[in-house]
$ cat target38.cif   # mmCIF, C-alpha atoms and all ligand atoms
data_work
loop_
_atom_site.group_PDB
_atom_site.id
_atom_site.type_symbol
_atom_site.label_atom_id
_atom_site.label_comp_id
_atom_site.auth_asym_id
_atom_site.auth_seq_id
_atom_site.Cartn_x
_atom_site.Cartn_y
_atom_site.Cartn_z
ATOM 1 C CA MET A 1024 -5.329 -0.689 16.125
ATOM 2 C CA ALA A 1025 -5.125 -2.181 12.668
ATOM 3 C CA ALA A 1026 -7.112 -0.681 9.824
ATOM 4 C CA GLY A 1027 -10.324 -2.493 9.182
ATOM 5 C CA SER A 1028 -10.990 -3.251 12.821
ATOM 6 C CA SER A 1029 -12.600 -1.366 15.659
ATOM 7 C CA ALA A 1030 -13.484 -1.904 19.282
ATOM 8 C CA ALA A 1031 -17.074 -1.797 20.430
ATOM 9 C CA ASN A 1032 -18.706 -1.721 23.838
ATOM 10 C CA ALA A 1033 -21.496 -4.009 25.013
ATOM 11 C CA ALA A 1034 -24.091 -1.846 23.256
ATOM 12 C CA GLY A 1035 -22.255 -2.279 19.979
ATOM 13 C CA GLN A 1036 -21.165 1.352 19.912
ATOM 14 C CA THR A 1037 -17.826 2.084 18.391
ATOM 15 C CA LEU A 1038 -15.205 3.234 20.859
ATOM 16 C CA PHE A 1039 -12.154 5.397 20.481
ATOM 17 C CA PRO A 1040 -9.796 4.681 18.883
ATOM 18 C CA TYR A 1041 -11.685 3.829 15.750
ATOM 19 C CA CYS A 1042 -10.827 4.178 12.133
ATOM 20 C CA PHE A 1043 -12.489 5.427 8.987
ATOM 21 C CA GLY A 1044 -11.435 2.602 6.725
ATOM 22 C CA THR A 1045 -13.527 0.447 4.488
ATOM 23 C CA GLU A 1046 -15.268 -0.911 7.531
ATOM 24 C CA ARG A 1047 -18.606 0.616 8.304
ATOM 25 C CA VAL A 1048 -18.735 1.897 11.837
ATOM 26 C CA ALA A 1049 -21.749 2.600 14.028
ATOM 27 C CA ASP A 1050 -22.196 6.108 15.383
ATOM 28 C CA SER A 1051 -23.593 6.862 18.828
ATOM 29 C CA GLY A 1052 -27.122 6.561 17.478
ATOM 30 C CA GLY A 1053 -26.446 3.099 16.111
ATOM 31 C CA GLN A 1054 -26.563 4.274 12.498
ATOM 32 C CA GLN A 1055 -24.104 2.764 10.082
ATOM 33 C CA ARG A 1056 -21.645 5.202 8.563
ATOM 34 C CA GLY A 1057 -19.429 4.491 5.616
ATOM 35 C CA SER A 1058 -15.910 5.578 4.871
ATOM 36 C CA THR A 1059 -15.307 9.317 4.841
ATOM 37 C CA LEU A 1060 -12.224 8.880 2.688
ATOM 38 C CA PRO A 1061 -12.143 10.332 -0.806
ATOM 39 C CA TYR A 1062 -9.957 7.424 -1.924
ATOM 40 C CA LYS A 1063 -11.966 4.949 -3.996
ATOM 41 C CA GLY A 1064 -9.275 2.516 -5.102
ATOM 42 C CA ASP A 1065 -8.251 -0.777 -3.573
ATOM 43 C CA GLU A 1066 -8.416 0.230 0.065
ATOM 44 C CA LYS A 1067 -6.774 -2.999 1.176
ATOM 45 C CA MET A 1068 -3.538 -1.661 -0.248
ATOM 46 C CA PHE A 1069 -2.989 0.974 2.400
ATOM 47 C CA LYS A 1070 -3.813 2.002 5.909
ATOM 48 C CA PRO A 1071 -5.452 5.426 6.157
ATOM 49 C CA GLY A 1072 -3.629 8.067 8.129
ATOM 50 C CA PHE A 1073 -0.579 10.256 7.845
ATOM 51 C CA HIS A 1074 2.387 8.955 5.902
ATOM 52 C CA HIS A 1075 4.483 11.648 7.574
ATOM 53 C CA LEU A 1076 4.338 15.117 9.025
ATOM 54 C CA ALA A 1077 7.408 17.278 8.413
ATOM 55 C CA PHE A 1078 8.919 20.204 10.304
ATOM 56 C CA ALA A 1079 12.174 22.120 10.255
ATOM 57 C CA CYS A 1080 14.634 21.234 13.004
ATOM 58 C CA ARG A 1081 17.169 23.402 14.760
ATOM 59 C CA ASP A 1082 19.863 20.755 15.254
ATOM 60 C CA ILE A 1083 19.658 17.441 13.419
ATOM 61 C CA HIS A 1084 21.753 15.520 15.957
ATOM 62 C CA GLU A 1085 19.905 16.889 18.972
ATOM 63 C CA THR A 1086 16.638 16.040 17.207
ATOM 64 C CA HIS A 1087 17.900 12.530 16.422
ATOM 65 C CA ARG A 1088 18.964 11.955 20.032
ATOM 66 C CA PHE A 1089 15.668 13.170 21.428
ATOM 67 C CA TYR A 1090 13.364 11.199 19.165
ATOM 68 C CA THR A 1091 15.344 7.959 19.368
ATOM 69 C CA GLN A 1092 16.430 8.042 23.014
ATOM 70 C CA VAL A 1093 13.560 9.826 24.761
ATOM 71 C CA LEU A 1094 10.657 8.713 22.598
ATOM 72 C CA GLY A 1095 12.210 5.478 21.316
ATOM 73 C CA PHE A 1096 11.357 6.036 17.668
ATOM 74 C CA ASP A 1097 13.402 4.450 14.877
ATOM 75 C CA LEU A 1098 15.190 6.610 12.350
ATOM 76 C CA ILE A 1099 14.177 4.705 9.232
ATOM 77 C CA HIS A 1100 15.145 6.981 6.355
ATOM 78 C CA THR A 1101 17.378 9.943 5.576
ATOM 79 C CA GLU A 1102 17.520 11.938 2.370
ATOM 80 C CA ALA A 1103 20.441 14.291 1.684
ATOM 81 C CA LYS A 1104 19.983 16.502 -1.349
ATOM 82 C CA LYS A 1105 21.841 19.344 -2.998
ATOM 83 C CA MET A 1106 19.468 22.200 -3.738
ATOM 84 C CA GLY A 1107 20.956 25.047 -5.774
ATOM 85 C CA GLU A 1108 23.876 26.402 -3.780
ATOM 86 C CA GLY A 1109 22.681 24.731 -0.614
ATOM 87 C CA PHE A 1110 21.560 21.356 0.652
ATOM 88 C CA MET A 1111 19.096 19.771 2.983
ATOM 89 C CA ARG A 1112 18.725 16.584 4.956
ATOM 90 C CA HIS A 1113 15.325 15.059 5.524
ATOM 91 C CA ILE A 1114 15.025 12.505 8.320
ATOM 92 C CA PHE A 1115 12.097 10.216 9.077
ATOM 93 C CA PHE A 1116 11.242 8.614 12.417
ATOM 94 C CA ASP A 1117 8.743 5.761 12.496
ATOM 95 C CA ILE A 1118 6.448 6.692 15.384
ATOM 96 C CA GLY A 1119 5.453 3.082 15.971
ATOM 97 C CA ASP A 1120 2.602 2.429 13.575
ATOM 98 C CA GLY A 1121 4.450 2.829 10.294
ATOM 99 C CA SER A 1122 3.665 6.528 9.951
ATOM 100 C CA CYS A 1123 6.520 8.953 10.341
ATOM 101 C CA LEU A 1124 7.480 12.222 11.939
ATOM 102 C CA ALA A 1125 10.010 13.929 9.675
ATOM 103 C CA PHE A 1126 12.394 16.842 10.038
ATOM 104 C CA PHE A 1127 14.315 19.032 7.619
ATOM 105 C CA ASP A 1128 17.857 20.123 8.324
ATOM 106 C CA LEU A 1129 18.251 23.168 6.089
ATOM 107 C CA HIS A 1130 21.442 24.702 4.752
ATOM 108 C CA GLY A 1131 21.052 27.627 2.393
ATOM 109 C CA VAL A 1132 17.951 26.448 0.534
ATOM 110 C CA GLY A 1133 15.928 29.607 1.039
ATOM 111 C CA GLU A 1134 15.471 29.641 4.803
ATOM 112 C CA PRO A 1135 16.132 32.863 6.716
ATOM 113 C CA LYS A 1136 19.379 33.040 8.714
ATOM 114 C CA ASN A 1137 17.773 32.650 12.135
ATOM 115 C CA PHE A 1138 14.557 30.869 11.233
ATOM 116 C CA LYS A 1139 12.240 29.669 13.962
ATOM 117 C CA THR A 1140 11.374 26.022 14.450
ATOM 118 C CA GLU A 1141 8.850 26.721 17.230
ATOM 119 C CA ILE A 1142 5.510 26.065 15.560
ATOM 120 C CA SER A 1143 3.534 28.051 18.172
ATOM 121 C CA THR A 1144 5.734 30.637 19.878
ATOM 122 C CA GLY A 1145 7.475 31.195 16.549
ATOM 123 C CA LEU A 1146 4.112 32.455 15.293
ATOM 124 C CA ASP A 1147 3.469 34.504 18.450
ATOM 125 C CA LEU A 1148 0.959 31.942 19.692
ATOM 126 C CA PRO A 1149 0.922 30.404 23.190
ATOM 127 C CA PHE A 1150 3.257 27.384 23.329
ATOM 128 C CA TRP A 1151 0.385 24.920 23.656
ATOM 129 C CA VAL A 1152 -1.563 25.797 20.514
ATOM 130 C CA ASN A 1153 0.112 23.999 17.607
ATOM 131 C CA HIS A 1154 1.357 20.640 18.791
ATOM 132 C CA LEU A 1155 1.722 16.969 17.953
ATOM 133 C CA ALA A 1156 -0.097 14.315 19.961
ATOM 134 C CA PHE A 1157 0.991 10.681 20.002
ATOM 135 C CA ARG A 1158 -1.342 7.943 21.105
ATOM 136 C CA GLY A 1159 -0.262 6.348 24.387
ATOM 137 C CA ASP A 1160 -1.369 4.746 27.627
ATOM 138 C CA THR A 1161 -0.442 5.177 31.284
ATOM 139 C CA GLY A 1162 2.638 2.974 30.895
ATOM 140 C CA ARG A 1163 3.838 4.932 27.889
ATOM 141 C CA LYS A 1164 3.412 8.211 29.756
ATOM 142 C CA LYS A 1165 5.444 6.875 32.699
ATOM 143 C CA GLU A 1166 8.138 5.603 30.361
ATOM 144 C CA VAL A 1167 8.442 8.932 28.551
ATOM 145 C CA ALA A 1168 8.346 10.860 31.840
ATOM 146 C CA ALA A 1169 11.308 8.818 33.104
ATOM 147 C CA LYS A 1170 13.249 9.350 29.882
ATOM 148 C CA LEU A 1171 12.556 13.091 29.999
ATOM 149 C CA LYS A 1172 13.801 13.253 33.586
ATOM 150 C CA ALA A 1173 16.949 11.312 32.700
ATOM 151 C CA ALA A 1174 17.560 13.760 29.857
ATOM 152 C CA GLY A 1175 17.092 16.735 32.183
ATOM 153 C CA MET A 1176 13.867 17.752 30.446
ATOM 154 C CA GLU A 1177 10.576 18.629 32.054
ATOM 155 C CA ILE A 1178 6.920 17.766 31.709
ATOM 156 C CA LYS A 1179 5.150 21.022 30.896
ATOM 157 C CA MET A 1180 1.722 19.967 32.127
ATOM 158 C CA GLU A 1181 -0.719 17.100 32.512
ATOM 159 C CA LEU A 1182 -4.390 17.593 31.728
ATOM 160 C CA ASP A 1183 -7.571 15.564 31.978
ATOM 161 C CA HIS A 1184 -9.664 16.392 28.920
ATOM 162 C CA ASP A 1185 -12.422 14.016 29.979
ATOM 163 C CA TRP A 1186 -12.330 12.084 26.714
ATOM 164 C CA CYS A 1187 -8.540 11.658 27.066
ATOM 165 C CA GLN A 1188 -5.704 12.293 29.521
ATOM 166 C CA SER A 1189 -2.629 14.076 28.271
ATOM 167 C CA MET A 1190 0.970 14.696 29.217
ATOM 168 C CA TYR A 1191 2.781 17.564 27.478
ATOM 169 C CA PHE A 1192 6.448 18.333 26.923
ATOM 170 C CA MET A 1193 8.659 20.153 24.444
ATOM 171 C CA ASP A 1194 10.994 18.707 21.832
ATOM 172 C CA PRO A 1195 14.426 20.310 21.191
ATOM 173 C CA ASN A 1196 12.902 22.413 18.403
ATOM 174 C CA GLY A 1197 10.354 24.128 20.607
ATOM 175 C CA ILE A 1198 7.510 21.962 19.314
ATOM 176 C CA MET A 1199 5.055 20.886 21.980
ATOM 177 C CA LEU A 1200 4.409 17.135 22.082
ATOM 178 C CA GLU A 1201 1.657 15.273 23.835
ATOM 179 C CA ILE A 1202 1.138 11.689 24.876
ATOM 180 C CA CYS A 1203 -2.611 11.264 24.723
ATOM 181 C CA GLU A 1204 -4.386 8.380 26.446
ATOM 182 C CA ASP A 1205 -7.957 7.744 25.401
ATOM 183 C CA THR A 1206 -10.494 7.386 28.185
ATOM 184 C CA PRO A 1207 -12.000 3.898 27.881
ATOM 185 C CA GLY A 1208 -15.638 3.745 26.876
ATOM 186 C CA ILE A 1209 -15.919 7.193 25.335
ATOM 187 C CA VAL A 1210 -18.276 7.102 22.383
ATOM 188 C CA PRO A 1211 -18.106 9.677 19.587
ATOM 189 C CA ASN A 1212 -20.988 12.156 19.749
ATOM 190 C CA ARG A 1213 -20.995 13.851 16.374
ATOM 191 C CA GLU A 1214 -24.176 15.850 16.935
ATOM 192 C CA GLU A 1215 -22.756 17.399 20.105
ATOM 193 C CA ALA A 1216 -19.437 18.060 18.404
ATOM 194 C CA VAL A 1217 -21.191 19.993 15.628
ATOM 195 C CA ARG A 1218 -23.464 21.838 18.078
ATOM 196 C CA LEU A 1219 -20.458 23.055 20.046
ATOM 197 C CA LEU A 1220 -18.901 24.650 16.970
ATOM 198 C CA ASP A 1221 -20.805 27.810 17.977
ATOM 199 C CA ALA A 1222 -20.581 27.356 21.728
ATOM 200 C CA VAL A 1223 -19.507 30.208 23.992
ATOM 201 C CA PRO A 1224 -18.421 29.156 27.504
ATOM 202 C CA GLU A 1225 -20.993 30.284 30.058
ATOM 203 C CA ALA A 1226 -18.500 32.414 31.932
ATOM 204 C CA MET A 1227 -17.847 34.404 28.726
ATOM 205 C CA ALA A 1228 -21.460 34.842 27.651
ATOM 206 C CA VAL A 1229 -23.000 38.220 28.508
HETATM 207 FE FE FE B 1 -3.780 17.925 21.931
#

$ encode --input "target38.cif" --output "structure tokens" --more "lines below"
Ligand SMILES: [Fe+2]
Amino acid sequence: MAAGSSAANAAGQTLFPYCFGTERVADSGGQQRGSTLPYKGDEKMFKPGFHHLAFACRDIHETHRFYTQVLGFDLIHTEAKKMGEGFMRHIFFDIGDGSCLAFFDLHGVGEPKNFKTEISTGLDLPFWVNHLAFRGDTGRKKEVAAKLKAAGMEIKMELDHDWCQSMYFMDPNGIMLEICEDTPGIVPNREEAVRLLDAVPEAMAV
């Protein structure tokens, strides 16, 4: 969805996905909320969001193949720089909305010999904790599932989160990825979101 626009249901409530641009959006109580962005300049000049997120990769060519062939992203920019006695390459994939997912290919720039690229298991966390979620729909999930199968890769799990439905899989660097499909008609409930910051699931409460 373009910046400066949002979808609304019949009651005029803003639906996911919505954006925090210059447009004032209505919360679930019908109150008007302004931009939450700290940026106060000419907001027509840019679309809020990530420019890029960057991670280290294990194999630049395997990473390139996966992100272009399985996910269909365009490689739009590559930097190759000498750094001291070493060098690095920095590659940028447009994920479809102009923002990028980037990877570093490191060669003697300060990285340990056998550094980990797994952003969860590399930190001794379960594989599903740190991950990247791309917006998608049912068709996109089917398309990616077929590409994964053709590449001999597996879907790790599919979950219904109520407010969205997700399909999870791993990239060649051990980074968990998600295609996340918003459930139509879900309205943000900020009060409930804040209340649940201190929630303990009933089964755990004693
Ligand atoms: Fe997620």

$ resolve_selection --input "target38.cif" --expression "the PyMOL selection byres (((not hetatm)) within 12 of (chain B and resi 1))" --output "MDAnalysis selection string"
chainID A and resid 1150:1158 1180:1184 1186:1192 1199:1205

$ write_last_selection --input "target38.cif" --atoms "C-alpha atoms" --output "JSON list (two decimals), keeping the file's coordinate frame"
[["chain", "number", "residue", "atom", "x", "y", "z"],
["A", 1150, "PHE", "CA", 3.26, 27.38, 23.33],
["A", 1151, "TRP", "CA", 0.38, 24.92, 23.66],
["A", 1152, "VAL", "CA", -1.56, 25.80, 20.51],
["A", 1153, "ASN", "CA", 0.11, 24.00, 17.61],
["A", 1154, "HIS", "CA", 1.36, 20.64, 18.79],
["A", 1155, "LEU", "CA", 1.72, 16.97, 17.95],
["A", 1156, "ALA", "CA", -0.10, 14.32, 19.96],
["A", 1157, "PHE", "CA", 0.99, 10.68, 20.00],
["A", 1158, "ARG", "CA", -1.34, 7.94, 21.10],
["A", 1180, "MET", "CA", 1.72, 19.97, 32.13],
["A", 1181, "GLU", "CA", -0.72, 17.10, 32.51],
["A", 1182, "LEU", "CA", -4.39, 17.59, 31.73],
["A", 1183, "ASP", "CA", -7.57, 15.56, 31.98],
["A", 1184, "HIS", "CA", -9.66, 16.39, 28.92],
["A", 1186, "TRP", "CA", -12.33, 12.08, 26.71],
["A", 1187, "CYS", "CA", -8.54, 11.66, 27.07],
["A", 1188, "GLN", "CA", -5.70, 12.29, 29.52],
["A", 1189, "SER", "CA", -2.63, 14.08, 28.27],
["A", 1190, "MET", "CA", 0.97, 14.70, 29.22],
["A", 1191, "TYR", "CA", 2.78, 17.56, 27.48],
["A", 1192, "PHE", "CA", 6.45, 18.33, 26.92],
["A", 1199, "MET", "CA", 5.06, 20.89, 21.98],
["A", 1200, "LEU", "CA", 4.41, 17.14, 22.08],
["A", 1201, "GLU", "CA", 1.66, 15.27, 23.84],
["A", 1202, "ILE", "CA", 1.14, 11.69, 24.88],
["A", 1203, "CYS", "CA", -2.61, 11.26, 24.72],
["A", 1204, "GLU", "CA", -4.39, 8.38, 26.45],
["A", 1205, "ASP", "CA", -7.96, 7.74, 25.40]]

$ closest_atom_pairs --input "target38.cif" --of "region 1119-1155 of chain A" --to "region 1069-1073 of chain A" --cutoff "12 Å" --atoms "only C-alpha atoms" --output "Markdown table"
| residue | atom | partner | partner_atom | distance |
| --- | --- | --- | --- | --- |
| A:Asp1120 | CA | A:Lys1070 | CA | 10.0 |
| A:Gly1121 | CA | A:Phe1073 | CA | 9.3 |
| A:Ser1122 | CA | A:Phe1073 | CA | 6.0 |
| A:Cys1123 | CA | A:Phe1073 | CA | 7.6 |
| A:Leu1124 | CA | A:Phe1073 | CA | 9.3 |
| A:Ala1125 | CA | A:Phe1073 | CA | 11.4 |

$ atom_distance --input "target38.cif" --atom1 "CA of Ile1178 (chain A)" --atom2 "CA of Phe1089 (chain A)"
14.3 Å

$ residues_around --input "target38.cif" --residues "Phe1115 (chain A)" --least-positions-apart "6" --cutoff "10 Å" --atoms "all atoms listed in the file" --output "PyMOL selection string"
chain A and resi 1075-1077+1087+1096-1102+1122-1127

$ axis_aligned_box --input "target38.cif" --around "region 1204-1207 of chain A" --padding-each-side "3 Å" --output "JSON"
{"center_x": -8.2, "center_y": 6.1, "center_z": 26.8, "size_x": 13.6, "size_y": 10.5, "size_z": 8.8}

$ atom_distance --input "target38.cif" --atom1 "CA of Leu1129 (chain A)" --atom2 "CA of Phe1110 (chain A)"
6.6 Å

$ resolve_selection --input "target38.cif" --expression "the PyMOL selection byres (((chain A and resi 1196) around 9) and not hetatm)" --output "list in words"
Ala1079, Cys1080, Arg1081, Asp1082, Glu1085, Thr1086, Lys1139, Thr1140, Glu1141, Ile1142, Met1193, Asp1194, Pro1195, Gly1197, Ile1198 and Met1199 of chain A

$ atom_distance --input "target38.cif" --atom1 "CA of Gln1092 (chain A)" --atom2 "CA of Ser1143 (chain A)"
24.3 Å

$ resolve_selection --input "target38.cif" --expression "the PyMOL selection byres (((chain A and resi 1131) around 8) and not hetatm)" --output "PyMOL selection string"
chain A and resi 1108-1110+1129-1130+1132-1134

$ write_last_selection --input "target38.cif" --atoms "C-alpha atoms" --output "PDB file, in the frame of the given file"
ATOM      1  CA  GLU A1108      23.876  26.402  -3.780  1.00  0.00           C
ATOM      2  CA  GLY A1109      22.681  24.731  -0.614  1.00  0.00           C
ATOM      3  CA  PHE A1110      21.560  21.356   0.652  1.00  0.00           C
ATOM      4  CA  LEU A1129      18.251  23.168   6.089  1.00  0.00           C
ATOM      5  CA  HIS A1130      21.442  24.702   4.752  1.00  0.00           C
ATOM      6  CA  VAL A1132      17.951  26.448   0.534  1.00  0.00           C
ATOM      7  CA  GLY A1133      15.928  29.607   1.039  1.00  0.00           C
ATOM      8  CA  GLU A1134      15.471  29.641   4.803  1.00  0.00           C
TER       9      GLU A1134
END

$ closest_residue --input "target38.cif" --among "A:Gly1095, A:Leu1220, A:Phe1078, A:Pro1135" --to "Val1167 (chain A)" --atoms "only C-alpha atoms"
A:Gly1095
